[in-house]
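A.B. asks: Quick one, structure_10.cif (mmCIF, C-alpha atoms (C1' of nucleotides)):
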data_query
loop_
_atom_site.label_atom_id
_atom_site.label_comp_id
_atom_site.auth_asym_id
_atom_site.auth_seq_id
_atom_site.Cartn_x
_atom_site.Cartn_y
_atom_site.Cartn_z
CA MET A 1 93.90 87.42 118.72
CA SER A 2 95.48 85.02 116.24
CA LYS A 3 99.00 85.64 114.95
CA ARG A 4 97.53 86.31 111.53
CA GLU A 5 95.41 89.14 112.96
CA GLN A 6 98.38 90.44 114.94
CA ILE A 7 100.37 90.67 111.72
CA LEU A 8 97.57 92.51 109.90
CA GLU A 9 97.07 94.98 112.73
CA THR A 10 100.77 95.71 113.14
CA ALA A 11 101.24 96.05 109.39
CA LEU A 12 98.40 98.57 109.11
CA GLU A 13 99.95 100.65 111.87
CA LEU A 14 103.48 100.57 110.45
CA PHE A 15 102.43 101.14 106.85
CA THR A 16 100.40 104.19 107.87
CA GLU A 17 103.35 105.50 109.83
CA HIS A 18 106.25 104.77 107.48
CA GLY A 19 104.73 103.86 104.12
CA PHE A 20 104.89 100.59 102.22
CA ARG A 21 108.52 100.58 101.24
CA GLY A 22 109.51 102.20 104.51
CA THR A 23 108.27 99.22 106.47
CA SER A 24 110.16 95.95 106.17
CA THR A 25 108.60 92.55 106.67
CA ALA A 26 111.19 91.98 109.39
CA GLU A 27 109.90 95.02 111.32
CA ILE A 28 106.30 93.86 111.00
CA SER A 29 107.17 90.38 112.25
CA LYS A 30 109.22 91.71 115.14
CA GLN A 31 106.61 94.19 116.33
CA ALA A 32 103.82 91.63 115.89
CA GLY A 33 105.82 89.17 118.02
CA VAL A 34 106.12 86.46 115.38
CA ALA A 35 108.91 84.96 113.27
CA THR A 36 109.49 86.23 109.74
CA GLY A 37 108.61 82.76 108.51
CA THR A 38 105.17 83.07 110.08
CA LEU A 39 104.39 86.20 108.11
CA PHE A 40 105.22 84.40 104.87
CA HIS A 41 103.26 81.37 105.99
CA HIS A 42 100.07 83.46 106.09
CA PHE A 43 100.79 85.79 103.18
CA LYS A 44 102.75 84.54 100.23
CA SER A 45 104.34 87.96 99.67
CA LYS A 46 104.45 91.47 101.06
CA GLU A 47 102.25 92.54 98.17
CA GLU A 48 99.57 90.04 99.12
CA LEU A 49 99.60 91.35 102.68
CA ILE A 50 99.06 94.90 101.44
CA GLU A 51 96.27 93.82 99.11
CA GLU A 52 94.51 92.03 101.93
CA LEU A 53 94.74 95.11 104.14
CA TYR A 54 93.50 97.42 101.39
CA LEU A 55 90.56 95.28 100.33
CA GLY A 56 89.78 94.47 103.96
CA ALA A 57 89.50 98.15 104.83
CA LYS A 58 87.38 98.81 101.74
CA THR A 59 85.04 95.95 102.60
CA ASP A 60 84.74 97.15 106.19
CA LEU A 61 83.80 100.60 105.03
CA ALA A 62 81.40 99.43 102.32
CA ASP A 63 79.58 97.16 104.81
CA TYR A 64 79.41 99.96 107.33
CA LEU A 65 77.93 102.35 104.78
CA GLN A 66 75.47 99.81 103.47
CA ALA A 67 74.25 99.02 106.98
CA ALA A 68 73.82 102.73 107.71
CA CYS A 69 71.41 103.40 104.86
CA THR A 70 69.38 100.22 104.39
CA ASP A 71 66.15 101.56 105.87
CA ALA A 72 66.43 105.13 104.64
CA ASN A 73 63.33 106.80 103.12
CA GLY A 74 64.04 108.46 99.82
CA MET A 75 67.26 109.42 98.17
CA GLU A 76 67.96 112.57 100.13
CA GLU A 77 67.87 110.78 103.46
CA LYS A 78 69.95 107.97 102.05
CA ILE A 79 72.68 110.35 100.96
CA LYS A 80 72.53 112.18 104.28
CA ARG A 81 72.96 108.94 106.18
CA LEU A 82 75.80 107.85 103.94
CA TRP A 83 77.54 111.18 104.45
CA PHE A 84 77.36 110.96 108.24
CA ALA A 85 78.29 107.29 108.23
CA TYR A 86 81.36 107.94 106.06
CA VAL A 87 82.58 110.83 108.20
CA ASN A 88 81.93 108.82 111.33
CA TRP A 89 83.80 105.80 110.03
CA ALA A 90 86.75 107.94 109.00
CA ILE A 91 87.27 109.53 112.40
CA SER A 92 86.59 106.36 114.37
CA HIS A 93 88.88 104.27 112.13
CA GLU A 94 91.47 106.94 111.60
CA SER A 95 94.44 104.73 110.79
CA GLN A 96 92.35 102.64 108.40
CA TYR A 97 91.11 105.81 106.69
CA ARG A 98 94.62 107.21 106.38
CA PHE A 99 95.97 103.90 105.13
CA PHE A 100 93.21 103.96 102.58
CA LYS A 101 93.93 107.44 101.26
CA HIS A 102 97.57 106.49 101.14
CA CYS A 103 96.67 103.46 99.02
CA GLU A 104 94.62 105.56 96.59
CA ALA A 105 97.59 107.85 95.98
CA SER A 106 100.26 105.15 96.02
CA PRO A 107 101.57 103.48 92.89
CA TYR A 108 102.25 100.38 95.03
CA ILE A 109 98.60 99.36 94.60
CA GLY A 110 98.07 97.80 91.19
CA GLU A 111 95.23 98.76 88.85
CA SER A 112 93.48 95.40 89.20
CA VAL A 113 93.41 95.58 92.98
CA ARG A 114 92.16 99.15 92.85
CA GLU A 115 89.33 98.06 90.57
CA LYS A 116 88.34 95.34 93.00
CA GLY A 117 88.17 98.08 95.64
CA VAL A 118 86.02 100.37 93.54
CA ALA A 119 83.65 97.49 92.79
CA LYS A 120 82.72 97.31 96.46
CA PHE A 121 81.12 100.73 96.15
CA ALA A 122 79.14 99.94 93.02
CA PHE A 123 75.87 99.91 94.99
CA PHE A 124 76.48 103.48 96.02
CA ILE A 125 77.63 104.79 92.66
CA GLU A 126 74.55 103.34 90.96
CA ASP A 127 72.18 104.91 93.47
CA PHE A 128 73.88 108.23 93.19
CA SER A 129 73.80 108.27 89.40
CA ALA A 130 70.11 107.37 89.53
CA LEU A 131 69.43 110.33 91.79
CA VAL A 132 71.19 112.69 89.46
CA SER A 133 69.59 111.48 86.25
CA GLU A 134 66.11 111.66 87.76
CA ARG A 135 66.78 115.32 88.52
CA GLY A 136 67.54 115.88 84.84
CA ASP A 137 70.79 117.61 85.62
CA LYS A 138 73.06 119.18 83.07
CA VAL A 139 76.08 117.50 84.62
CA SER A 140 76.82 113.77 84.76
CA GLY A 141 76.33 111.75 87.90
CA MET A 142 80.00 110.85 88.09
CA THR A 143 81.12 114.47 87.88
CA LEU A 144 78.75 115.44 90.65
CA LEU A 145 79.80 112.45 92.75
CA ASP A 146 83.49 113.26 92.42
CA ILE A 147 82.92 116.86 93.52
CA PHE A 148 80.62 115.82 96.36
CA ALA A 149 83.00 113.10 97.56
CA GLY A 150 85.90 115.54 97.32
CA ALA A 151 84.10 118.03 99.54
CA MET A 152 83.36 115.25 102.03
CA ASP A 153 87.02 114.16 102.08
CA GLY A 154 88.01 117.78 102.51
CA PHE A 155 85.88 118.01 105.62
CA ILE A 156 87.29 114.78 107.00
CA ARG A 157 90.82 116.05 106.43
CA HIS A 158 89.79 119.13 108.37
CA LEU A 159 88.51 117.04 111.29
CA LEU A 160 91.65 114.91 111.40
CA ASN A 161 93.96 117.92 111.26
CA ASN A 162 91.95 119.68 113.99
CA PRO A 163 91.17 116.88 116.44
CA GLU A 164 89.37 119.20 118.86
CA THR A 165 86.58 119.54 116.25
CA LYS A 166 86.11 115.81 115.84
CA THR A 167 83.11 115.61 118.16
CA ASP A 168 81.63 119.02 117.33
CA LYS A 169 78.31 117.71 116.00
CA PRO A 170 76.83 121.13 115.12
CA LEU A 171 79.87 121.60 112.87
CA TRP A 172 79.11 118.29 111.20
CA ASP A 173 75.58 119.49 110.50
CA ILE A 174 76.82 122.72 108.94
CA ALA A 175 79.39 120.82 106.89
CA PHE A 176 76.73 118.47 105.62
CA SER A 177 74.47 121.33 104.60
CA LEU A 178 77.41 122.88 102.69
CA CYS A 179 78.07 119.62 100.86
CA TRP A 180 74.38 119.21 100.18
CA LYS A 181 74.32 122.59 98.45
CA ILE A 182 76.44 121.06 95.69
CA LEU A 183 73.62 118.66 94.89
CA GLY A 184 70.73 121.06 95.44
CA MET B 185 118.97 120.99 79.60
CA SER B 186 121.58 120.61 82.33
CA LYS B 187 122.22 117.24 83.91
CA ARG B 188 120.80 118.59 87.14
CA GLU B 189 117.51 119.36 85.41
CA GLN B 190 117.57 115.99 83.65
CA ILE B 191 117.85 114.30 87.04
CA LEU B 192 114.96 116.31 88.49
CA GLU B 193 112.71 115.64 85.52
CA THR B 194 113.45 111.93 85.44
CA ALA B 195 113.03 111.63 89.19
CA LEU B 196 109.60 113.31 89.07
CA GLU B 197 108.48 110.90 86.39
CA LEU B 198 109.77 107.78 88.13
CA PHE B 199 108.55 108.80 91.60
CA THR B 200 105.06 109.43 90.22
CA GLU B 201 105.12 106.06 88.52
CA HIS B 202 106.69 103.84 91.18
CA GLY B 203 106.72 105.81 94.40
CA PHE B 204 109.62 107.06 96.49
CA ARG B 205 110.90 103.78 97.83
CA GLY B 206 110.04 102.03 94.60
CA THR B 207 112.49 104.17 92.66
CA SER B 208 116.20 103.67 93.30
CA THR B 209 118.79 106.37 92.81
CA ALA B 210 120.49 104.00 90.36
CA GLU B 211 117.36 103.89 88.19
CA ILE B 212 117.04 107.66 88.21
CA SER B 213 120.68 108.10 87.19
CA LYS B 214 120.46 105.49 84.46
CA GLN B 215 117.27 106.87 82.90
CA ALA B 216 118.57 110.43 83.17
CA GLY B 217 121.75 109.37 81.39
CA VAL B 218 124.16 110.32 84.17
CA ALA B 219 126.39 108.44 86.62
CA THR B 220 125.19 107.72 90.15
CA GLY B 221 127.98 109.90 91.43
CA THR B 222 126.56 112.86 89.49
CA LEU B 223 123.21 112.53 91.21
CA PHE B 224 124.91 112.67 94.59
CA HIS B 225 127.07 115.54 93.44
CA HIS B 226 123.97 117.71 92.92
CA PHE B 227 121.84 116.38 95.79
CA LYS B 228 123.50 115.26 98.97
CA SER B 229 120.90 112.54 99.52
CA LYS B 230 117.80 111.01 98.00
CA GLU B 231 115.76 112.82 100.62
CA GLU B 232 117.14 116.17 99.53
CA LEU B 233 116.23 115.41 95.93
CA ILE B 234 112.64 114.65 96.93
CA GLU B 235 112.41 117.80 99.02
CA GLU B 236 113.61 119.89 96.14
CA LEU B 237 111.05 118.36 93.82
CA TYR B 238 108.23 118.81 96.30
CA LEU B 239 109.02 122.40 97.19
CA GLY B 240 109.78 123.19 93.56
CA ALA B 241 106.35 122.00 92.45
CA LYS B 242 104.69 123.91 95.29
CA THR B 243 106.53 127.11 94.38
CA ASP B 244 105.62 126.70 90.71
CA LEU B 245 101.97 126.34 91.60
CA ALA B 246 101.94 129.16 94.13
CA ASP B 247 103.57 131.54 91.63
CA TYR B 248 101.14 130.50 88.94
CA LEU B 249 98.16 131.12 91.22
CA GLN B 250 99.48 134.44 92.46
CA ALA B 251 100.04 135.63 88.90
CA ALA B 252 96.53 134.60 87.92
CA CYS B 253 94.77 136.72 90.50
CA THR B 254 96.88 139.84 91.01
CA ASP B 255 94.57 142.23 89.17
CA ALA B 256 91.26 140.69 90.21
CA ASN B 257 88.44 142.98 91.35
CA GLY B 258 86.90 141.90 94.61
CA MET B 259 87.06 138.67 96.47
CA GLU B 260 84.58 136.74 94.39
CA GLU B 261 86.50 137.28 91.18
CA LYS B 262 89.76 136.50 92.93
CA ILE B 263 88.47 133.16 94.11
CA LYS B 264 87.02 132.41 90.70
CA ARG B 265 90.33 133.13 89.02
CA LEU B 266 92.21 131.05 91.57
CA TRP B 267 89.81 128.16 91.02
CA PHE B 268 90.28 128.18 87.25
CA ALA B 269 94.02 128.70 87.54
CA TYR B 270 94.37 125.77 89.94
CA VAL B 271 92.34 123.42 87.77
CA ASN B 272 94.23 124.58 84.71
CA TRP B 273 97.62 124.06 86.34
CA ALA B 274 96.63 120.59 87.50
CA ILE B 275 95.64 119.32 84.08
CA SER B 276 98.51 121.00 82.25
CA HIS B 277 101.09 119.82 84.80
CA GLU B 278 99.54 116.45 85.41
CA SER B 279 102.61 114.59 86.62
CA GLN B 280 103.56 117.45 88.93
CA TYR B 281 100.03 117.50 90.33
CA ARG B 282 100.01 113.75 90.87
CA PHE B 283 103.47 113.85 92.45
CA PHE B 284 102.17 116.51 94.73
CA LYS B 285 99.10 114.62 95.90
CA HIS B 286 101.32 111.62 96.42
CA CYS B 287 103.60 113.74 98.62
CA GLU B 288 100.69 114.98 100.71
CA ALA B 289 99.63 111.41 101.48
CA SER B 290 103.13 109.97 101.88
CA PRO B 291 104.90 109.62 105.21
CA TYR B 292 108.21 110.02 103.32
CA ILE B 293 107.75 113.79 103.44
CA GLY B 294 108.71 115.10 106.88
CA GLU B 295 106.58 117.52 108.87
CA SER B 296 109.06 120.39 108.54
CA VAL B 297 109.17 120.13 104.75
CA ARG B 298 105.39 119.94 104.60
CA GLU B 299 105.14 123.11 106.65
CA LYS B 300 107.49 124.91 104.26
CA GLY B 301 105.14 123.85 101.49
CA VAL B 302 102.01 125.10 103.25
CA ALA B 303 103.74 128.42 103.94
CA LYS B 304 103.87 129.10 100.20
CA PHE B 305 100.07 129.29 100.20
CA ALA B 306 99.80 131.60 103.17
CA PHE B 307 98.79 134.52 100.91
CA PHE B 308 95.81 132.54 99.73
CA ILE B 309 94.73 131.18 103.10
CA GLU B 310 94.76 134.67 104.62
CA ASP B 311 92.65 136.12 101.83
CA PHE B 312 90.21 133.31 102.05
CA SER B 313 89.82 133.59 105.83
CA ALA B 314 89.27 137.33 105.43
CA LEU B 315 86.49 136.70 102.96
CA VAL B 316 84.77 134.32 105.31
CA SER B 317 85.01 136.44 108.43
CA GLU B 318 83.67 139.50 106.62
CA ARG B 319 80.62 137.46 105.71
CA GLY B 320 80.05 136.75 109.42
CA ASP B 321 79.74 133.05 108.81
CA LYS B 322 78.90 130.50 111.46
CA VAL B 323 81.74 128.27 110.26
CA SER B 324 85.47 128.97 110.41
CA GLY B 325 87.44 130.02 107.35
CA MET B 326 89.65 126.94 107.53
CA THR B 327 86.71 124.56 107.63
CA LEU B 328 85.17 126.22 104.60
CA LEU B 329 88.49 126.26 102.79
CA ASP B 330 89.08 122.56 103.39
CA ILE B 331 85.64 121.67 102.04
CA PHE B 332 85.98 124.02 99.07
CA ALA B 333 89.48 122.78 98.23
CA GLY B 334 88.29 119.19 98.59
CA ALA B 335 85.50 119.80 96.07
CA MET B 336 88.00 121.36 93.70
CA ASP B 337 90.37 118.41 94.02
CA GLY B 338 87.42 116.10 93.47
CA PHE B 339 86.69 117.82 90.18
CA ILE B 340 90.34 117.64 89.11
CA ARG B 341 90.43 113.94 89.92
CA HIS B 342 87.35 113.62 87.72
CA LEU B 343 89.06 115.41 84.83
CA LEU B 344 92.21 113.32 85.13
CA ASN B 345 90.26 110.06 85.28
CA ASN B 346 88.11 111.10 82.30
CA PRO B 347 90.63 112.73 79.95
CA GLU B 348 88.01 113.37 77.25
CA THR B 349 86.43 115.96 79.59
CA LYS B 350 89.69 117.84 80.16
CA THR B 351 88.92 120.56 77.62
CA ASP B 352 85.15 120.67 78.12
CA LYS B 353 85.03 124.32 79.24
CA PRO B 354 81.24 124.44 79.79
CA LEU B 355 81.75 121.57 82.26
CA TRP B 356 84.40 123.63 84.04
CA ASP B 357 81.91 126.49 84.39
CA ILE B 358 79.25 124.21 85.82
CA ALA B 359 81.79 122.66 88.20
CA PHE B 360 82.88 126.09 89.38
CA SER B 361 79.29 127.16 90.04
CA LEU B 362 78.78 123.97 92.08
CA CYS B 363 81.89 124.67 94.15
CA TRP B 364 80.86 128.27 94.55
CA LYS B 365 77.55 127.17 96.06
CA ILE B 366 79.51 125.94 99.07
CA LEU B 367 80.62 129.51 99.78
CA GLY B 368 77.34 131.22 98.88
"C1'" DG C 369 99.02 57.11 121.62
"C1'" DA C 370 100.29 56.96 116.78
"C1'" DG C 371 99.56 59.61 112.88
"C1'" DT C 372 99.06 63.89 110.59
"C1'" DA C 373 98.12 68.50 109.02
"C1'" DG C 374 98.87 73.06 109.62
"C1'" DA C 375 101.06 76.75 112.52
"C1'" DC C 376 105.30 78.33 113.61
"C1'" DT C 377 110.39 79.16 113.88
"C1'" DG C 378 114.82 81.91 112.90
"C1'" DA C 379 119.25 81.44 110.66
"C1'" DC C 380 120.16 81.98 106.09
"C1'" DT C 381 120.68 83.87 101.02
"C1'" DA C 382 120.87 86.44 96.86
"C1'" DA C 383 119.66 90.73 95.24
"C1'" DA C 384 119.11 95.54 95.73
"C1'" DC C 385 120.05 99.62 98.08
"C1'" DA C 386 121.93 104.55 99.25
"C1'" DG C 387 125.87 106.63 99.32
"C1'" DT C 388 131.42 107.00 98.70
"C1'" DC C 389 135.69 107.95 96.63
"C1'" DG C 390 139.73 108.46 93.78
"C1'" DG C 391 140.30 109.95 89.61
"C1'" DT C 392 139.02 112.26 84.83
"C1'" DT C 393 136.97 115.72 82.00
"C1'" DT C 394 134.98 120.19 81.23
"C1'" DT C 395 134.39 125.02 82.31
"C1'" DT C 396 135.70 129.25 84.25
"C1'" DT C 397 138.94 132.75 85.65
"C1'" DC C 398 142.96 135.43 85.44
"C1'" DG D 399 147.11 129.02 78.10
"C1'" DA D 400 147.89 127.80 82.86
"C1'" DA D 401 145.74 127.11 87.05
"C1'" DA D 402 141.76 126.40 89.75
"C1'" DA D 403 137.18 124.97 90.32
"C1'" DA D 404 133.37 122.55 89.40
"C1'" DA D 405 131.01 118.76 87.02
"C1'" DC D 406 131.18 114.22 86.16
"C1'" DC D 407 132.29 109.31 86.26
"C1'" DG D 408 131.39 104.26 87.65
"C1'" DA D 409 133.37 100.55 90.33
"C1'" DC D 410 132.92 99.72 94.98
"C1'" DT D 411 131.06 98.98 100.00
"C1'" DG D 412 128.44 97.90 104.06
"C1'" DT D 413 123.79 97.41 105.01
"C1'" DT D 414 119.11 96.13 104.40
"C1'" DT D 415 115.73 93.70 101.94
"C1'" DA D 416 112.03 90.10 100.66
"C1'" DG D 417 111.65 85.67 100.75
"C1'" DT D 418 113.35 80.45 101.77
"C1'" DC D 419 113.85 76.23 104.00
"C1'" DA D 420 114.62 72.37 106.94
"C1'" DG D 421 112.83 71.29 110.74
"C1'" DT D 422 109.95 71.85 115.48
"C1'" DC D 423 105.75 72.44 117.94
"C1'" DT D 424 100.69 72.09 118.75
"C1'" DA D 425 96.10 70.31 118.35
"C1'" DC D 426 93.13 67.28 116.65
"C1'" DT D 427 91.52 62.51 114.72
"C1'" DC D 428 90.80 57.65 114.80
#
Could you render the structure from this file as structure tokens?

C.D. replies:
Amino acid sequence: MSKREQILETALELFTEHGFRGTSTAEISKQAGVATGTLFHHFKSKEELIEELYLGAKTDLADYLQAACTDANGMEEKIKRLWFAYVNWAISHESQYRFFKHCEASPYIGESVREKGVAKFAFFIEDFSALVSERGDKVSGMTLLDIFAGAMDGFIRHLLNNPETKTDKPLWDIAFSLCWKILG
Amino acid sequence: MSKREQILETALELFTEHGFRGTSTAEISKQAGVATGTLFHHFKSKEELIEELYLGAKTDLADYLQAACTDANGMEEKIKRLWFAYVNWAISHESQYRFFKHCEASPYIGESVREKGVAKFAFFIEDFSALVSERGDKVSGMTLLDIFAGAMDGFIRHLLNNPETKTDKPLWDIAFSLCWKILG
DNA sequence: GAGTAGACTGACTAAACAGTCGGTTTTTTC
DNA sequence: GAAAAAACCGACTGTTTAGTCAGTCTACTC
């Protein structure tokens, strides 16, 4: 693994554990086994390092989701696959997922960076809105999506807080059917 | 307003805007119009100030919710009232709500403080679990609660991101019926 | 094997930080 | 109205911070 990758990996770990301001560049360098100068050789500032981590995680997730639903038949199956893929990604990339949620709530991430992140999910938002409008619903696609996504995140939080349930696939099925009720 | 209250109010505002580590005690004092010494006279450390804000907001919310549902008939109405009260509190105490969500995601808040916060909602969690077990569900009360609460938070996020919908009461009703589907 | 470009180093710096302290003002109590 | 207590002040301190810089090392090219 290159030193650059070592820095990114260590930073992700430390940021998740101690927050952005709670982790110094010196700590990252030390734990990654590089000099402080090396960190600033690869990333011109701490902010740039954080941005790269945030957008990297978002890209990873977006690619993962897109791959999971390319050959799905119909909208219902597509959403089902996306749901399972998202939950699966979250529990198998726990620190990335936590980092992620931390970013969404943190004022450290600027508006422009956040927008770049949202843009990576445009494909999904469009599809979802299309589904809703074709059903002639009385509520907007975005409202429905926010509630649906919230329910999904709620379930993931439950899995992460109760690790023994992480691999309980029947539970996943029930949880999906509960989330699906929102749309049905 | 006492200087103590001025400090708390200013701190809430600045923390929500710039994060815990992004806000110095000097900034809080300055904007609150007091000396740095005064801040440390009332709160023995920055950490204690944050704890007080976090637990204060939680207590406020818990009291508000409890008041909203004391004379409710039956579990369904109780949950309905709690739902509307929670959404209402969130949009009318926006900065407190945001601060709150930030705390939940931030590693700055220690486990023991977080537990104290959760304890304030014990009354609600117990009721909710009771409801679920009496229905003989195949899924645990906590799982259901996490999904339900996630959906509710998703809707609040939607309202806060789309301020023009904040007072759209018919939308609230639809959103509640969607969340209720999860339990039905 | 000389030349060179980029990776890497770690001691260093200027600014910012949480928290202190000796002293002053305000409020309360008798 | 004197004495005690509590609130308040802001200059100060030792530490930590992000980021720099002058120079070394490594790998590749011609």

A.B. asks: What residues in chain C have any atom no more than 9 Å from chain A when counting only C-alpha atoms (C1' of nucleotides), and can you write them as a list in words?

C.D. replies: DA375, DC376, DT377 and DG378 of chain C

A.B. asks: Using all atoms listed in the file, pick whichever of A:Trp83, A:Met75, A:Trp172, A:His102 has the shortest atom-to-atom distance to Phe15 (chain A).

C.D. replies: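 Answer, going by the shortest atom-to-atom distance: A:His102.
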
A.B. asks: Separation of C1' of DC385 (chain C) and CA of Phe20 (chain A), in Å?

C.D. replies: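 If I compute the distance from C1' of DC385 (chain C) to CA of Phe20 (chain A), I get 15.7 Å.
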
A.B. asks: Using the chain letters and numbers from the file, which residues does the PyMOL selection byres ((chain C and resi 398) around 12) grab, as a list of chain:residue names?

C.D. replies: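 Applying the expression gives C:DT396, C:DT397, D:DG399, D:DA400, D:DA401, D:DA402.
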
A.B. asks: Please find the residues of chain A near chain B - the criterion being any atom within 8 Å, counting only C-alpha atoms - and write them as a ChimeraX atom specification.

C.D. replies: /A:16-19,21-22,101-102,105-108,139,142-143,146-155,157-158,171,174-175,178-179,181-183

A.B. asks: Return the single residue from D:DT424, D:DA405, D:DC419, D:DG412 that is closest to chain B, with distances computed using all atoms listed in the file.

C.D. replies: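 Checking each candidate against chain B, we get D:DA405 as the closest.
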
A.B. asks: One decimal, Å: what's the distance from CA of Leu82 (chain A) over to CA of Gly141 (chain A), could you say?

C.D. replies: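 Taking CA of Leu82 (chain A) and CA of Gly141 (chain A), their separation equals 16.5 Å.
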
A.B. asks: Assuming the chain letters and numbering stay as they are in my file, what does the PyMOL selection byres ((chain D and resi 409) around 12) actually select? List them as a PyMOL selection string.

C.D. replies: (chain B and resi 219-221) or (chain C and resi 388-391) or (chain D and resi 407-408+410-411)

A.B. asks: Based on the selection just made, write C-alpha atoms (C1' of nucleotides) of those residues as a PDB file, in the frame of the given file.

C.D. replies:
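Here's the written file out_22.pdb:
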ATOM      1  CA  ALA B 219     126.390 108.440  86.620  1.00  0.00           C
ATOM      2  CA  THR B 220     125.190 107.720  90.150  1.00  0.00           C
ATOM      3  CA  GLY B 221     127.980 109.900  91.430  1.00  0.00           C
TER       4      GLY B 221
ATOM      5  C1'  DT C 388     131.420 107.000  98.700  1.00  0.00           C
ATOM      6  C1'  DC C 389     135.690 107.950  96.630  1.00  0.00           C
ATOM      7  C1'  DG C 390     139.730 108.460  93.780  1.00  0.00           C
ATOM      8  C1'  DG C 391     140.300 109.950  89.610  1.00  0.00           C
TER       9       DG C 391
ATOM     10  C1'  DC D 407     132.290 109.310  86.260  1.00  0.00           C
ATOM     11  C1'  DG D 408     131.390 104.260  87.650  1.00  0.00           C
ATOM     12  C1'  DC D 410     132.920  99.720  94.980  1.00  0.00           C
ATOM     13  C1'  DT D 411     131.060  98.980 100.000  1.00  0.00           C
TER      14       DT D 411
END

A.B. asks: Set out as CSV a contact list for chain D and chain A with a cut-off of 10 Å, giving each residue of chain D that qualifies its closest atom pair and distance in Å to one decimal, counting all atoms listed in the file, ordered by chain and rising residue number.

C.D. replies:
residue,atom,partner,partner_atom,distance
D:DT414,C1',A:Ser24,CA,9.1
D:DT415,C1',A:Ser24,CA,7.3
D:DA416,C1',A:Thr25,CA,7.3
D:DG417,C1',A:Ser45,CA,7.7
D:DT418,C1',A:Gly37,CA,8.6
D:DC419,C1',A:Gly37,CA,9.5

A.B. asks: Would you write out, as a CSV table (one decimal) with C-alpha atoms, keeping the file's coordinate frame, every residue that the PyMOL selection byres ((chain A and resi 55) around 9) captures in this file?

C.D. replies:
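See part_8.csv below for the written result:
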chain,number,residue,atom,x,y,z
A,50,ILE,CA,99.1,94.9,101.4
A,51,GLU,CA,96.3,93.8,99.1
A,52,GLU,CA,94.5,92.0,101.9
A,53,LEU,CA,94.7,95.1,104.1
A,54,TYR,CA,93.5,97.4,101.4
A,56,GLY,CA,89.8,94.5,104.0
A,57,ALA,CA,89.5,98.2,104.8
A,58,LYS,CA,87.4,98.8,101.7
A,59,THR,CA,85.0,96.0,102.6
A,60,ASP,CA,84.7,97.2,106.2
A,113,VAL,CA,93.4,95.6,93.0
A,114,ARG,CA,92.2,99.2,92.8
A,116,LYS,CA,88.3,95.3,93.0
A,117,GLY,CA,88.2,98.1,95.6
A,120,LYS,CA,82.7,97.3,96.5

A.B. asks: To one decimal in Å, tell me the separation between CA of Ala72 (chain A) and CA of Asp127 (chain A).

C.D. replies: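 Computed distance, CA of Ala72 (chain A) to CA of Asp127 (chain A), equals 12.6 Å.
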
A.B. asks: Using all atoms listed in the file, find all polymer residues with an atom at most 12 Å away from the point (117.4, 110.2, 81.9); report them as a PyMOL selection string.

C.D. replies: chain B and resi 185-198+209-220+223

A.B. asks: Please list, as a PyMOL selection string, the residues that have an atom at most 10 Å away from (90.5, 64.6, 112.2) in the coordinates of this file, counting all atoms listed in the file.

C.D. replies: (chain C and resi 372-373) or (chain D and resi 426-428)
